[in-house]
file coords.pdb (PDB, C-alpha atoms)
MODEL        1
ATOM      1  CA  GLY A   1     100.724  80.757  83.781
ATOM      2  CA  ALA A   2     103.952  80.981  85.720
ATOM      3  CA  VAL A   3     104.330  78.569  88.623
ATOM      4  CA  VAL A   4     106.025  79.122  91.947
ATOM      5  CA  SER A   5     106.514  76.236  94.342
ATOM      6  CA  GLN A   6     107.371  76.164  98.018
ATOM      7  CA  HIS A   7     108.812  73.399 100.087
ATOM      8  CA  PRO A   8     107.847  72.177 102.556
ATOM      9  CA  SER A   9     104.126  72.927 102.540
ATOM     10  CA  TRP A  10     104.014  72.491 106.281
ATOM     11  CA  VAL A  11     106.590  71.889 108.994
ATOM     12  CA  ILE A  12     106.558  71.347 112.720
ATOM     13  CA  CYS A  13     109.752  72.010 114.620
ATOM     14  CA  LYS A  14     110.895  72.313 118.200
ATOM     15  CA  SER A  15     111.723  75.612 119.802
ATOM     16  CA  GLY A  16     115.358  76.569 119.278
ATOM     17  CA  THR A  17     115.842  74.717 116.018
ATOM     18  CA  SER A  18     116.180  76.232 112.544
ATOM     19  CA  VAL A  19     113.907  75.677 109.591
ATOM     20  CA  LYS A  20     114.596  76.310 105.923
ATOM     21  CA  ILE A  21     111.840  77.088 103.446
ATOM     22  CA  GLU A  22     112.494  76.972  99.709
ATOM     23  CA  CYS A  23     110.794  79.040  97.041
ATOM     24  CA  ARG A  24     111.292  78.063  93.414
ATOM     25  CA  SER A  25     110.120  79.581  90.164
ATOM     26  CA  LEU A  26     109.493  76.539  87.983
ATOM     27  CA  ASP A  27     109.131  77.906  84.481
ATOM     28  CA  PHE A  28     110.635  81.372  84.569
ATOM     29  CA  GLN A  29     113.612  83.205  85.972
ATOM     30  CA  ALA A  30     112.781  85.405  88.929
ATOM     31  CA  THR A  31     114.964  88.458  89.318
ATOM     32  CA  THR A  32     113.110  89.389  92.487
ATOM     33  CA  MET A  33     111.424  87.265  95.119
ATOM     34  CA  PHE A  34     109.395  88.451  98.067
ATOM     35  CA  TRP A  35     108.814  86.776 101.412
ATOM     36  CA  TYR A  36     105.617  87.375 103.357
ATOM     37  CA  ARG A  37     104.152  86.091 106.573
ATOM     38  CA  GLN A  38     100.489  85.930 107.361
ATOM     39  CA  PHE A  39      98.748  85.463 110.681
ATOM     40  CA  PRO A  40      95.229  83.981 110.806
ATOM     41  CA  LYS A  41      92.606  86.226 109.257
ATOM     42  CA  GLN A  42      95.136  88.965 108.618
ATOM     43  CA  SER A  43      96.634  90.338 105.463
ATOM     44  CA  LEU A  44     100.052  89.485 104.111
ATOM     45  CA  MET A  45     102.970  91.277 105.690
ATOM     46  CA  LEU A  46     106.072  91.770 103.591
ATOM     47  CA  MET A  47     109.174  90.564 105.395
ATOM     48  CA  ALA A  48     111.871  91.093 102.813
ATOM     49  CA  THR A  49     112.668  91.563  99.154
ATOM     50  CA  SER A  50     115.262  89.267  97.684
ATOM     51  CA  ASN A  51     117.202  90.041  94.515
ATOM     52  CA  GLU A  52     119.302  87.380  92.860
ATOM     53  CA  GLY A  53     122.942  87.694  93.734
ATOM     54  CA  SER A  54     122.569  90.466  96.275
ATOM     55  CA  LYS A  55     121.623  90.870  99.898
ATOM     56  CA  ALA A  56     117.963  90.888 100.791
ATOM     57  CA  THR A  57     116.240  94.096 101.816
ATOM     58  CA  TYR A  58     114.341  93.635 105.041
ATOM     59  CA  GLU A  59     111.259  95.555 106.114
ATOM     60  CA  GLN A  60     111.336  97.576 109.276
ATOM     61  CA  GLY A  61     110.944  95.418 112.356
ATOM     62  CA  VAL A  62     112.047  92.183 110.687
ATOM     63  CA  GLU A  63     115.191  90.726 112.262
ATOM     64  CA  LYS A  64     117.627  89.915 109.482
ATOM     65  CA  ASP A  65     119.689  87.645 111.732
ATOM     66  CA  LYS A  66     116.634  85.622 112.590
ATOM     67  CA  PHE A  67     115.131  85.365 109.123
ATOM     68  CA  LEU A  68     118.005  84.568 106.784
ATOM     69  CA  ILE A  69     117.251  84.954 103.107
ATOM     70  CA  ASN A  70     119.394  83.652 100.296
ATOM     71  CA  HIS A  71     118.676  84.139  96.598
ATOM     72  CA  ALA A  72     121.538  82.250  95.041
ATOM     73  CA  SER A  73     120.005  81.630  91.639
ATOM     74  CA  LEU A  74     117.324  83.050  89.387
ATOM     75  CA  THR A  75     114.966  80.217  90.302
ATOM     76  CA  LEU A  76     115.562  79.664  94.003
ATOM     77  CA  SER A  77     115.275  81.719  97.146
ATOM     78  CA  THR A  78     115.407  80.311 100.655
ATOM     79  CA  LEU A  79     114.151  81.623 103.980
ATOM     80  CA  THR A  80     115.732  80.168 107.100
ATOM     81  CA  VAL A  81     114.034  80.806 110.413
ATOM     82  CA  THR A  82     116.822  80.506 112.955
ATOM     83  CA  SER A  83     116.345  79.582 116.610
ATOM     84  CA  ALA A  84     112.619  79.338 116.062
ATOM     85  CA  HIS A  85     110.199  80.247 118.827
ATOM     86  CA  PRO A  86     106.471  79.570 119.121
ATOM     87  CA  GLU A  87     105.735  83.172 118.141
ATOM     88  CA  ASP A  88     107.369  82.460 114.770
ATOM     89  CA  SER A  89     104.531  80.048 114.018
ATOM     90  CA  SER A  90     102.825  81.479 110.990
ATOM     91  CA  PHE A  91     102.041  81.016 107.306
ATOM     92  CA  TYR A  92     104.979  82.018 105.125
ATOM     93  CA  ILE A  93     104.387  82.822 101.450
ATOM     94  CA  CYS A  94     106.826  83.731  98.736
ATOM     95  CA  SER A  95     106.192  85.428  95.438
ATOM     96  CA  ALA A  96     108.342  85.962  92.402
ATOM     97  CA  ARG A  97     108.594  88.669  89.795
ATOM     98  CA  ALA A  98     109.653  87.607  86.349
ATOM     99  CA  GLY A  99     111.607  90.674  85.362
ATOM    100  CA  LEU A 100     112.335  94.325  85.935
ATOM    101  CA  GLY A 101     109.846  95.409  83.309
ATOM    102  CA  THR A 102     106.771  93.852  84.913
ATOM    103  CA  TYR A 103     104.728  94.301  88.060
ATOM    104  CA  GLU A 104     103.259  90.820  87.739
ATOM    105  CA  GLN A 105     103.903  88.653  90.801
ATOM    106  CA  TYR A 106     103.324  84.930  91.080
ATOM    107  CA  PHE A 107     102.696  83.478  94.501
ATOM    108  CA  GLY A 108     103.771  80.195  95.998
ATOM    109  CA  PRO A 109     101.314  77.943  97.837
ATOM    110  CA  GLY A 110     102.730  78.864 101.222
ATOM    111  CA  THR A 111     104.404  77.037 104.100
ATOM    112  CA  ARG A 112     102.714  76.612 107.444
ATOM    113  CA  LEU A 113     105.271  76.652 110.245
ATOM    114  CA  THR A 114     104.386  75.449 113.726
ATOM    115  CA  VAL A 115     106.991  75.787 116.452
ATOM    116  CA  THR A 116     106.345  73.705 119.564
TER     117      THR A 116
ATOM    118  CA  LYS B   1      93.894 104.892 107.484
ATOM    119  CA  ASN B   2      95.122 102.135 105.197
ATOM    120  CA  GLU B   3      96.349 103.116 101.760
ATOM    121  CA  VAL B   4      94.166 100.366 100.302
ATOM    122  CA  GLU B   5      90.628  99.881 101.544
ATOM    123  CA  GLN B   6      88.278  97.099 100.544
ATOM    124  CA  SER B   7      84.573  96.691 100.995
ATOM    125  CA  PRO B   8      82.763  94.765 102.118
ATOM    126  CA  GLN B   9      84.959  92.902 104.602
ATOM    127  CA  ASN B  10      82.631  89.920 104.569
ATOM    128  CA  LEU B  11      80.113  88.884 101.971
ATOM    129  CA  THR B  12      77.675  86.003 101.821
ATOM    130  CA  ALA B  13      75.860  85.277  98.593
ATOM    131  CA  GLN B  14      73.675  82.564  97.189
ATOM    132  CA  GLU B  15      74.792  80.545  94.224
ATOM    133  CA  GLY B  16      74.085  82.360  91.004
ATOM    134  CA  GLU B  17      74.222  85.866  92.420
ATOM    135  CA  PHE B  18      76.243  88.675  90.894
ATOM    136  CA  ILE B  19      78.960  89.815  93.276
ATOM    137  CA  THR B  20      80.896  93.069  93.475
ATOM    138  CA  ILE B  21      83.921  93.726  95.651
ATOM    139  CA  ASN B  22      85.294  97.240  95.833
ATOM    140  CA  CYS B  23      88.788  98.574  96.343
ATOM    141  CA  SER B  24      89.763 102.191  96.947
ATOM    142  CA  TYR B  25      93.307 103.450  97.277
ATOM    143  CA  SER B  26      94.769 106.766  98.294
ATOM    144  CA  VAL B  27      98.133 106.837  96.497
ATOM    145  CA  GLY B  28      99.268 107.051  92.910
ATOM    146  CA  ILE B  29      99.811 103.583  91.547
ATOM    147  CA  SER B  30     101.574 101.842  88.701
ATOM    148  CA  ALA B  31      99.373  98.751  88.805
ATOM    149  CA  LEU B  32      96.562  97.142  90.779
ATOM    150  CA  HIS B  33      96.204  93.440  91.457
ATOM    151  CA  TRP B  34      93.278  91.257  92.408
ATOM    152  CA  LEU B  35      94.296  88.112  94.260
ATOM    153  CA  GLN B  36      92.330  85.117  95.447
ATOM    154  CA  GLN B  37      93.276  83.177  98.573
ATOM    155  CA  HIS B  38      91.553  79.870  99.237
ATOM    156  CA  PRO B  39      91.171  78.357 102.724
ATOM    157  CA  GLY B  40      94.294  76.272 102.184
ATOM    158  CA  GLY B  41      96.275  79.477 101.957
ATOM    159  CA  GLY B  42      97.604  79.489  98.424
ATOM    160  CA  ILE B  43      97.248  82.746  96.511
ATOM    161  CA  VAL B  44      96.280  83.029  92.872
ATOM    162  CA  SER B  45      96.756  86.192  90.903
ATOM    163  CA  LEU B  46      93.466  86.910  89.140
ATOM    164  CA  PHE B  47      94.164  90.206  87.417
ATOM    165  CA  MET B  48      96.761  92.899  87.110
ATOM    166  CA  LEU B  49      95.521  96.116  85.581
ATOM    167  CA  SER B  50      96.513  99.723  85.235
ATOM    168  CA  SER B  51      93.555 100.991  83.235
ATOM    169  CA  GLY B  52      90.188  99.971  81.860
ATOM    170  CA  LYS B  53      88.715  96.556  82.248
ATOM    171  CA  LYS B  54      89.757  92.922  82.073
ATOM    172  CA  LYS B  55      87.637  89.789  81.853
ATOM    173  CA  HIS B  56      88.496  86.163  82.503
ATOM    174  CA  GLY B  57      85.665  83.680  82.498
ATOM    175  CA  ARG B  58      83.101  84.789  85.069
ATOM    176  CA  LEU B  59      85.426  87.371  86.571
ATOM    177  CA  ILE B  60      85.604  91.007  85.536
ATOM    178  CA  ALA B  61      87.921  93.641  86.961
ATOM    179  CA  THR B  62      87.641  97.355  86.325
ATOM    180  CA  ILE B  63      89.713 100.298  87.405
ATOM    181  CA  ASN B  64      89.141 104.045  87.397
ATOM    182  CA  ILE B  65      92.499 105.730  87.848
ATOM    183  CA  GLN B  66      91.042 109.222  88.298
ATOM    184  CA  GLU B  67      88.754 108.061  91.097
ATOM    185  CA  LYS B  68      91.382 105.680  92.555
ATOM    186  CA  HIS B  69      88.886 102.854  92.596
ATOM    187  CA  SER B  70      88.661  99.320  91.308
ATOM    188  CA  SER B  71      85.940  96.686  91.357
ATOM    189  CA  LEU B  72      85.993  92.929  91.009
ATOM    190  CA  HIS B  73      82.796  91.367  89.724
ATOM    191  CA  ILE B  74      81.855  87.701  89.796
ATOM    192  CA  THR B  75      78.951  86.673  87.603
ATOM    193  CA  ALA B  76      76.883  83.546  88.280
ATOM    194  CA  SER B  77      78.672  82.910  91.565
ATOM    195  CA  HIS B  78      79.369  79.352  92.672
ATOM    196  CA  PRO B  79      80.364  77.813  96.004
ATOM    197  CA  ARG B  80      83.849  77.192  94.615
ATOM    198  CA  ASP B  81      84.260  80.991  94.417
ATOM    199  CA  SER B  82      84.297  81.053  98.228
ATOM    200  CA  ALA B  83      87.635  82.554  99.166
ATOM    201  CA  VAL B  84      89.292  85.730 100.372
ATOM    202  CA  TYR B  85      89.751  88.299  97.630
ATOM    203  CA  ILE B  86      92.599  90.715  98.106
ATOM    204  CA  CYS B  87      93.244  93.995  96.335
ATOM    205  CA  ALA B  88      96.887  95.086  96.163
ATOM    206  CA  VAL B  89      98.651  98.004  94.494
ATOM    207  CA  ASN B  90     102.142  98.921  93.325
ATOM    208  CA  PRO B  91     102.550 102.475  94.641
ATOM    209  CA  MET B  92     104.374 104.929  92.399
ATOM    210  CA  THR B  93     106.513 106.142  95.293
ATOM    211  CA  GLY B  94     108.997 103.969  97.101
ATOM    212  CA  THR B  95     110.040 100.610  95.724
ATOM    213  CA  ALA B  96     107.844 100.119  92.677
ATOM    214  CA  SER B  97     107.756  96.342  92.879
ATOM    215  CA  LYS B  98     106.485  96.171  96.465
ATOM    216  CA  LEU B  99     102.792  95.535  96.934
ATOM    217  CA  THR B 100     100.535  97.297  99.399
ATOM    218  CA  PHE B 101      97.644  95.053 100.354
ATOM    219  CA  GLY B 102      94.051  95.634 101.314
ATOM    220  CA  THR B 103      92.663  93.682 104.239
ATOM    221  CA  GLY B 104      90.705  91.346 101.989
ATOM    222  CA  THR B 105      87.072  90.472 101.430
ATOM    223  CA  ARG B 106      85.911  87.120 102.702
ATOM    224  CA  LEU B 107      83.322  85.695 100.301
ATOM    225  CA  GLN B 108      81.075  82.772 101.117
ATOM    226  CA  VAL B 109      78.815  81.461  98.365
ATOM    227  CA  THR B 110      76.109  79.090  99.537
ATOM    228  CA  LEU B 111      73.902  76.683  97.635
TER     229      LEU B 111
ENDMDL
END

call {"tool": "encode", "arguments": {"input": "coords.pdb", "output": "structure tokens"}}
result
Amino acid sequence: GAVVSQHPSWVICKSGTSVKIECRSLDFQATTMFWYRQFPKQSLMLMATSNEGSKATYEQGVEKDKFLINHASLTLSTLTVTSAHPEDSSFYICSARAGLGTYEQYFGPGTRLTVT
Amino acid sequence: KNEVEQSPQNLTAQEGEFITINCSYSVGISALHWLQQHPGGGIVSLFMLSSGKKKHGRLIATINIQEKHSSLHITASHPRDSAVYICAVNPMTGTASKLTFGTGTRLQVTL
């Protein structure tokens, strides 16, 4: 099956610094990538939808200046958490859709962010 | 009320038992997904279906579009099946590719 990777798998950073998380589709081209965050024992919450070559669409309540998303190629999307605060500590997961004609989504293994 | 409801929320079973997890949704959908999330956090897509039934190994997923209901069955359950199982749908309205998630069913299979 299709594989999506994320890097790093976990990261600890100090408050006020920025962190970049990469999401890559390894064996297919992803026209659309999605970024989610998940708090312990809660369901996934969609943060934004990222289409290659265009600006990301953010969900209501998600600060676009704080969570910068770039989808520069068909195999790579990045999420940068700027000026991180402890409340940004969470599990961030990306998923990728292979094409416009499918609803199939492939999920990355997630990145656990801890802000101290 | 959530658009996607799962039951039960928690389930404990003994190894070998037959397990059923239910998902009901209240909107028209283009597709329904069953996902598995292990304690480490990674998510695996088990099934995507829009009608009928699909089978993969010990897992079976069914959907009844008229009743807006889907079930995930696990036959001969094993401790390695312990995970959170999540039902998600692609609603027909709004952005078709976006998923709406259920709250998940936490399954624990004991020896």

call {"tool": "closest_residue", "arguments": {"input": "coords.pdb", "among": "B:Lys55, B:Arg80, B:His33, B:His69", "to": "chain A", "atoms": "all atoms listed in the file"}}
result
B:His33

call {"tool": "residues_around", "arguments": {"input": "coords.pdb", "residues": "Leu72 of chain B", "least_positions_apart": "3", "cutoff": "7 Å", "atoms": "all atoms listed in the file", "output": "number ranges by chain"}}
result
B: 20-22, 60-62

call {"tool": "residues_around", "arguments": {"input": "coords.pdb", "residues": "Val19 of chain A", "least_positions_apart": "5", "cutoff": "10 Å", "atoms": "all atoms listed in the file", "output": "PyMOL selection string"}}
result
chain A and resi 8+11-14+67+79-84+113+115

call {"tool": "resolve_selection", "arguments": {"input": "coords.pdb", "expression": "the PyMOL selection byres ((chain B and resi 97) around 10)", "output": "list of chain:residue names"}}
result
A:Thr32, A:Phe34, A:Thr49, A:Arg97, A:Leu100, A:Gly101, A:Thr102, A:Tyr103, A:Glu104, A:Gln105, B:Ser30, B:Ala31, B:Val89, B:Asn90, B:Pro91, B:Met92, B:Gly94, B:Thr95, B:Ala96, B:Lys98, B:Leu99, B:Thr100

call {"tool": "write_last_selection", "arguments": {"input": "coords.pdb", "atoms": "C-alpha atoms", "output": "mmCIF file, keeping the file's coordinate frame"}}
result
data_model
loop_
_atom_site.group_PDB
_atom_site.id
_atom_site.type_symbol
_atom_site.label_atom_id
_atom_site.label_comp_id
_atom_site.auth_asym_id
_atom_site.auth_seq_id
_atom_site.Cartn_x
_atom_site.Cartn_y
_atom_site.Cartn_z
ATOM 1 C CA THR A 32 113.110 89.389 92.487
ATOM 2 C CA PHE A 34 109.395 88.451 98.067
ATOM 3 C CA THR A 49 112.668 91.563 99.154
ATOM 4 C CA ARG A 97 108.594 88.669 89.795
ATOM 5 C CA LEU A 100 112.335 94.325 85.935
ATOM 6 C CA GLY A 101 109.846 95.409 83.309
ATOM 7 C CA THR A 102 106.771 93.852 84.913
ATOM 8 C CA TYR A 103 104.728 94.301 88.060
ATOM 9 C CA GLU A 104 103.259 90.820 87.739
ATOM 10 C CA GLN A 105 103.903 88.653 90.801
ATOM 11 C CA SER B 30 101.574 101.842 88.701
ATOM 12 C CA ALA B 31 99.373 98.751 88.805
ATOM 13 C CA VAL B 89 98.651 98.004 94.494
ATOM 14 C CA ASN B 90 102.142 98.921 93.325
ATOM 15 C CA PRO B 91 102.550 102.475 94.641
ATOM 16 C CA MET B 92 104.374 104.929 92.399
ATOM 17 C CA GLY B 94 108.997 103.969 97.101
ATOM 18 C CA THR B 95 110.040 100.610 95.724
ATOM 19 C CA ALA B 96 107.844 100.119 92.677
ATOM 20 C CA LYS B 98 106.485 96.171 96.465
ATOM 21 C CA LEU B 99 102.792 95.535 96.934
ATOM 22 C CA THR B 100 100.535 97.297 99.399
#

call {"tool": "closest_residue", "arguments": {"input": "coords.pdb", "among": "A:Ser77, A:Ser54, A:Gln38, A:Gln60", "to": "Gln37 of chain B", "atoms": "only C-alpha atoms"}}
result
A:Gln38

call {"tool": "resolve_selection", "arguments": {"input": "coords.pdb", "expression": "the ChimeraX specification (/A :<6) & /B", "output": "short mmCIF file (atom, residue, chain, number, x, y, z; two decimals) with C-alpha atoms, keeping the file's coordinate frame"}}
result
data_model
loop_
_atom_site.label_atom_id
_atom_site.label_comp_id
_atom_site.auth_asym_id
_atom_site.auth_seq_id
_atom_site.Cartn_x
_atom_site.Cartn_y
_atom_site.Cartn_z
CA GLY B 42 97.60 79.49 98.42
CA ILE B 43 97.25 82.75 96.51
CA THR B 103 92.66 93.68 104.24
#

call {"tool": "atom_distance", "arguments": {"input": "coords.pdb", "atom1": "atom CA of Ser26 of chain B", "atom2": "atom CA of Arg58 of chain B"}}
result
28.2 Å

call {"tool": "atom_distance", "arguments": {"input": "coords.pdb", "atom1": "atom CA of Gly41 of chain B", "atom2": "atom CA of Phe18 of chain B"}}
result
24.7 Å

call {"tool": "atom_distance", "arguments": {"input": "coords.pdb", "atom1": "atom CA of Phe28 of chain A", "atom2": "atom CA of Gly40 of chain B"}}
result
24.6 Å

call {"tool": "residues_around", "arguments": {"input": "coords.pdb", "residues": "Tyr85 of chain B", "least_positions_apart": "2", "cutoff": "7 Å", "atoms": "all atoms listed in the file", "output": "VMD selection string"}}
result
chain B and resid 34 to 37 83 87 104 to 106

call {"tool": "write_last_selection", "arguments": {"input": "coords.pdb", "atoms": "C-alpha atoms", "output": "PDB file, in the coordinates of the input"}}
result
ATOM      1  CA  TRP B  34      93.278  91.257  92.408  1.00  0.00           C
ATOM      2  CA  LEU B  35      94.296  88.112  94.260  1.00  0.00           C
ATOM      3  CA  GLN B  36      92.330  85.117  95.447  1.00  0.00           C
ATOM      4  CA  GLN B  37      93.276  83.177  98.573  1.00  0.00           C
ATOM      5  CA  ALA B  83      87.635  82.554  99.166  1.00  0.00           C
ATOM      6  CA  CYS B  87      93.244  93.995  96.335  1.00  0.00           C
ATOM      7  CA  GLY B 104      90.705  91.346 101.989  1.00  0.00           C
ATOM      8  CA  THR B 105      87.072  90.472 101.430  1.00  0.00           C
ATOM      9  CA  ARG B 106      85.911  87.120 102.702  1.00  0.00           C
TER      10      ARG B 106
END

call {"tool": "resolve_selection", "arguments": {"input": "coords.pdb", "expression": "the PyMOL selection byres ((chain A and resi 53) around 10)", "output": "mmCIF file with C-alpha atoms, in the coordinates of the input"}}
result
data_model
loop_
_atom_site.group_PDB
_atom_site.id
_atom_site.type_symbol
_atom_site.label_atom_id
_atom_site.label_comp_id
_atom_site.auth_asym_id
_atom_site.auth_seq_id
_atom_site.Cartn_x
_atom_site.Cartn_y
_atom_site.Cartn_z
ATOM 1 C CA THR A 31 114.964 88.458 89.318
ATOM 2 C CA SER A 50 115.262 89.267 97.684
ATOM 3 C CA ASN A 51 117.202 90.041 94.515
ATOM 4 C CA GLU A 52 119.302 87.380 92.860
ATOM 5 C CA SER A 54 122.569 90.466 96.275
ATOM 6 C CA LYS A 55 121.623 90.870 99.898
ATOM 7 C CA ALA A 56 117.963 90.888 100.791
ATOM 8 C CA ASN A 70 119.394 83.652 100.296
ATOM 9 C CA HIS A 71 118.676 84.139 96.598
ATOM 10 C CA ALA A 72 121.538 82.250 95.041
ATOM 11 C CA SER A 73 120.005 81.630 91.639
ATOM 12 C CA LEU A 74 117.324 83.050 89.387
#

call {"tool": "residues_around", "arguments": {"input": "coords.pdb", "residues": "Gln29 of chain A", "least_positions_apart": "6", "cutoff": "8 Å", "atoms": "all atoms listed in the file", "output": "PyMOL selection string"}}
result
chain A and resi 74-75+98-99

call {"tool": "residues_around", "arguments": {"input": "coords.pdb", "residues": "Ile63 of chain B", "least_positions_apart": "2", "cutoff": "6 Å", "atoms": "all atoms listed in the file", "output": "VMD selection string"}}
result
chain B and resid 51 to 52 69 to 70

call {"tool": "axis_aligned_box", "arguments": {"input": "coords.pdb", "around": "segment 10-20 of chain A", "padding_each_side": "4 Å", "output": "JSON"}}
result
{"center_x": 110.1, "center_y": 74.0, "center_z": 112.9, "size_x": 20.2, "size_y": 13.2, "size_z": 21.9}

call {"tool": "build_atoms", "arguments": {"input": "coords.pdb", "residues": "segment 64-72 of chain B", "atoms": "all heavy atoms", "output": "mmCIF file, in the frame of the given file"}}
result
data_model
loop_
_atom_site.group_PDB
_atom_site.id
_atom_site.type_symbol
_atom_site.label_atom_id
_atom_site.label_comp_id
_atom_site.auth_asym_id
_atom_site.auth_seq_id
_atom_site.Cartn_x
_atom_site.Cartn_y
_atom_site.Cartn_z
ATOM 1 N N ASN B 64 89.289 102.644 87.767
ATOM 2 C CA ASN B 64 89.141 104.045 87.397
ATOM 3 C C ASN B 64 90.287 104.801 88.067
ATOM 4 O O ASN B 64 90.259 105.033 89.275
ATOM 5 C CB ASN B 64 87.775 104.587 87.862
ATOM 6 C CG ASN B 64 87.534 106.006 87.396
ATOM 7 O OD1 ASN B 64 88.425 106.854 87.445
ATOM 8 N ND2 ASN B 64 86.321 106.287 86.945
ATOM 9 N N ILE B 65 91.286 105.127 87.291
ATOM 10 C CA ILE B 65 92.499 105.730 87.848
ATOM 11 C C ILE B 65 92.198 107.103 88.453
ATOM 12 O O ILE B 65 92.725 107.439 89.518
ATOM 13 C CB ILE B 65 93.593 105.853 86.768
ATOM 14 C CG1 ILE B 65 94.037 104.465 86.290
ATOM 15 C CG2 ILE B 65 94.772 106.654 87.259
ATOM 16 C CD1 ILE B 65 94.759 103.666 87.339
ATOM 17 N N GLN B 66 91.346 107.872 87.791
ATOM 18 C CA GLN B 66 91.042 109.222 88.298
ATOM 19 C C GLN B 66 90.375 109.155 89.665
ATOM 20 O O GLN B 66 90.654 109.961 90.543
ATOM 21 C CB GLN B 66 90.141 109.975 87.317
ATOM 22 C CG GLN B 66 90.830 110.440 86.039
ATOM 23 C CD GLN B 66 91.136 109.303 85.088
ATOM 24 O OE1 GLN B 66 90.396 108.320 85.038
ATOM 25 N NE2 GLN B 66 92.220 109.438 84.345
ATOM 26 N N GLU B 67 89.475 108.189 89.826
ATOM 27 C CA GLU B 67 88.754 108.061 91.097
ATOM 28 C C GLU B 67 89.496 107.178 92.088
ATOM 29 O O GLU B 67 89.020 106.970 93.213
ATOM 30 C CB GLU B 67 87.342 107.521 90.835
ATOM 31 C CG GLU B 67 86.465 108.486 90.057
ATOM 32 C CD GLU B 67 85.039 107.997 89.930
ATOM 33 O OE1 GLU B 67 84.704 106.939 90.506
ATOM 34 O OE2 GLU B 67 84.255 108.677 89.242
ATOM 35 N N LYS B 68 90.607 106.579 91.682
ATOM 36 C CA LYS B 68 91.382 105.680 92.555
ATOM 37 C C LYS B 68 90.481 104.566 93.099
ATOM 38 O O LYS B 68 90.378 104.336 94.316
ATOM 39 C CB LYS B 68 92.054 106.447 93.705
ATOM 40 C CG LYS B 68 93.148 107.416 93.243
ATOM 41 C CD LYS B 68 93.887 108.022 94.436
ATOM 42 C CE LYS B 68 95.142 108.745 94.043
ATOM 43 N NZ LYS B 68 94.955 109.883 93.159
ATOM 44 N N HIS B 69 89.846 103.879 92.199
ATOM 45 C CA HIS B 69 88.886 102.854 92.596
ATOM 46 C C HIS B 69 88.899 101.702 91.604
ATOM 47 O O HIS B 69 89.055 101.904 90.394
ATOM 48 C CB HIS B 69 87.474 103.471 92.642
ATOM 49 C CG HIS B 69 86.423 102.517 93.062
ATOM 50 N ND1 HIS B 69 85.714 101.739 92.172
ATOM 51 C CD2 HIS B 69 85.961 102.178 94.295
ATOM 52 C CE1 HIS B 69 84.859 100.976 92.832
ATOM 53 N NE2 HIS B 69 84.988 101.228 94.115
ATOM 54 N N SER B 70 88.743 100.508 92.137
ATOM 55 C CA SER B 70 88.661 99.320 91.308
ATOM 56 C C SER B 70 87.553 98.418 91.841
ATOM 57 O O SER B 70 87.244 98.437 93.040
ATOM 58 C CB SER B 70 89.988 98.558 91.317
ATOM 59 O OG SER B 70 89.895 97.340 90.594
ATOM 60 N N SER B 71 86.961 97.657 90.961
ATOM 61 C CA SER B 71 85.940 96.686 91.357
ATOM 62 C C SER B 71 86.254 95.332 90.747
ATOM 63 O O SER B 71 86.782 95.239 89.631
ATOM 64 C CB SER B 71 84.555 97.127 90.892
ATOM 65 O OG SER B 71 84.122 98.280 91.559
ATOM 66 N N LEU B 72 85.915 94.310 91.498
ATOM 67 C CA LEU B 72 85.993 92.929 91.009
ATOM 68 C C LEU B 72 84.569 92.390 91.002
ATOM 69 O O LEU B 72 83.876 92.447 92.023
ATOM 70 C CB LEU B 72 86.877 92.074 91.911
ATOM 71 C CG LEU B 72 86.941 90.589 91.559
ATOM 72 C CD1 LEU B 72 87.682 90.384 90.238
ATOM 73 C CD2 LEU B 72 87.632 89.798 92.678
#
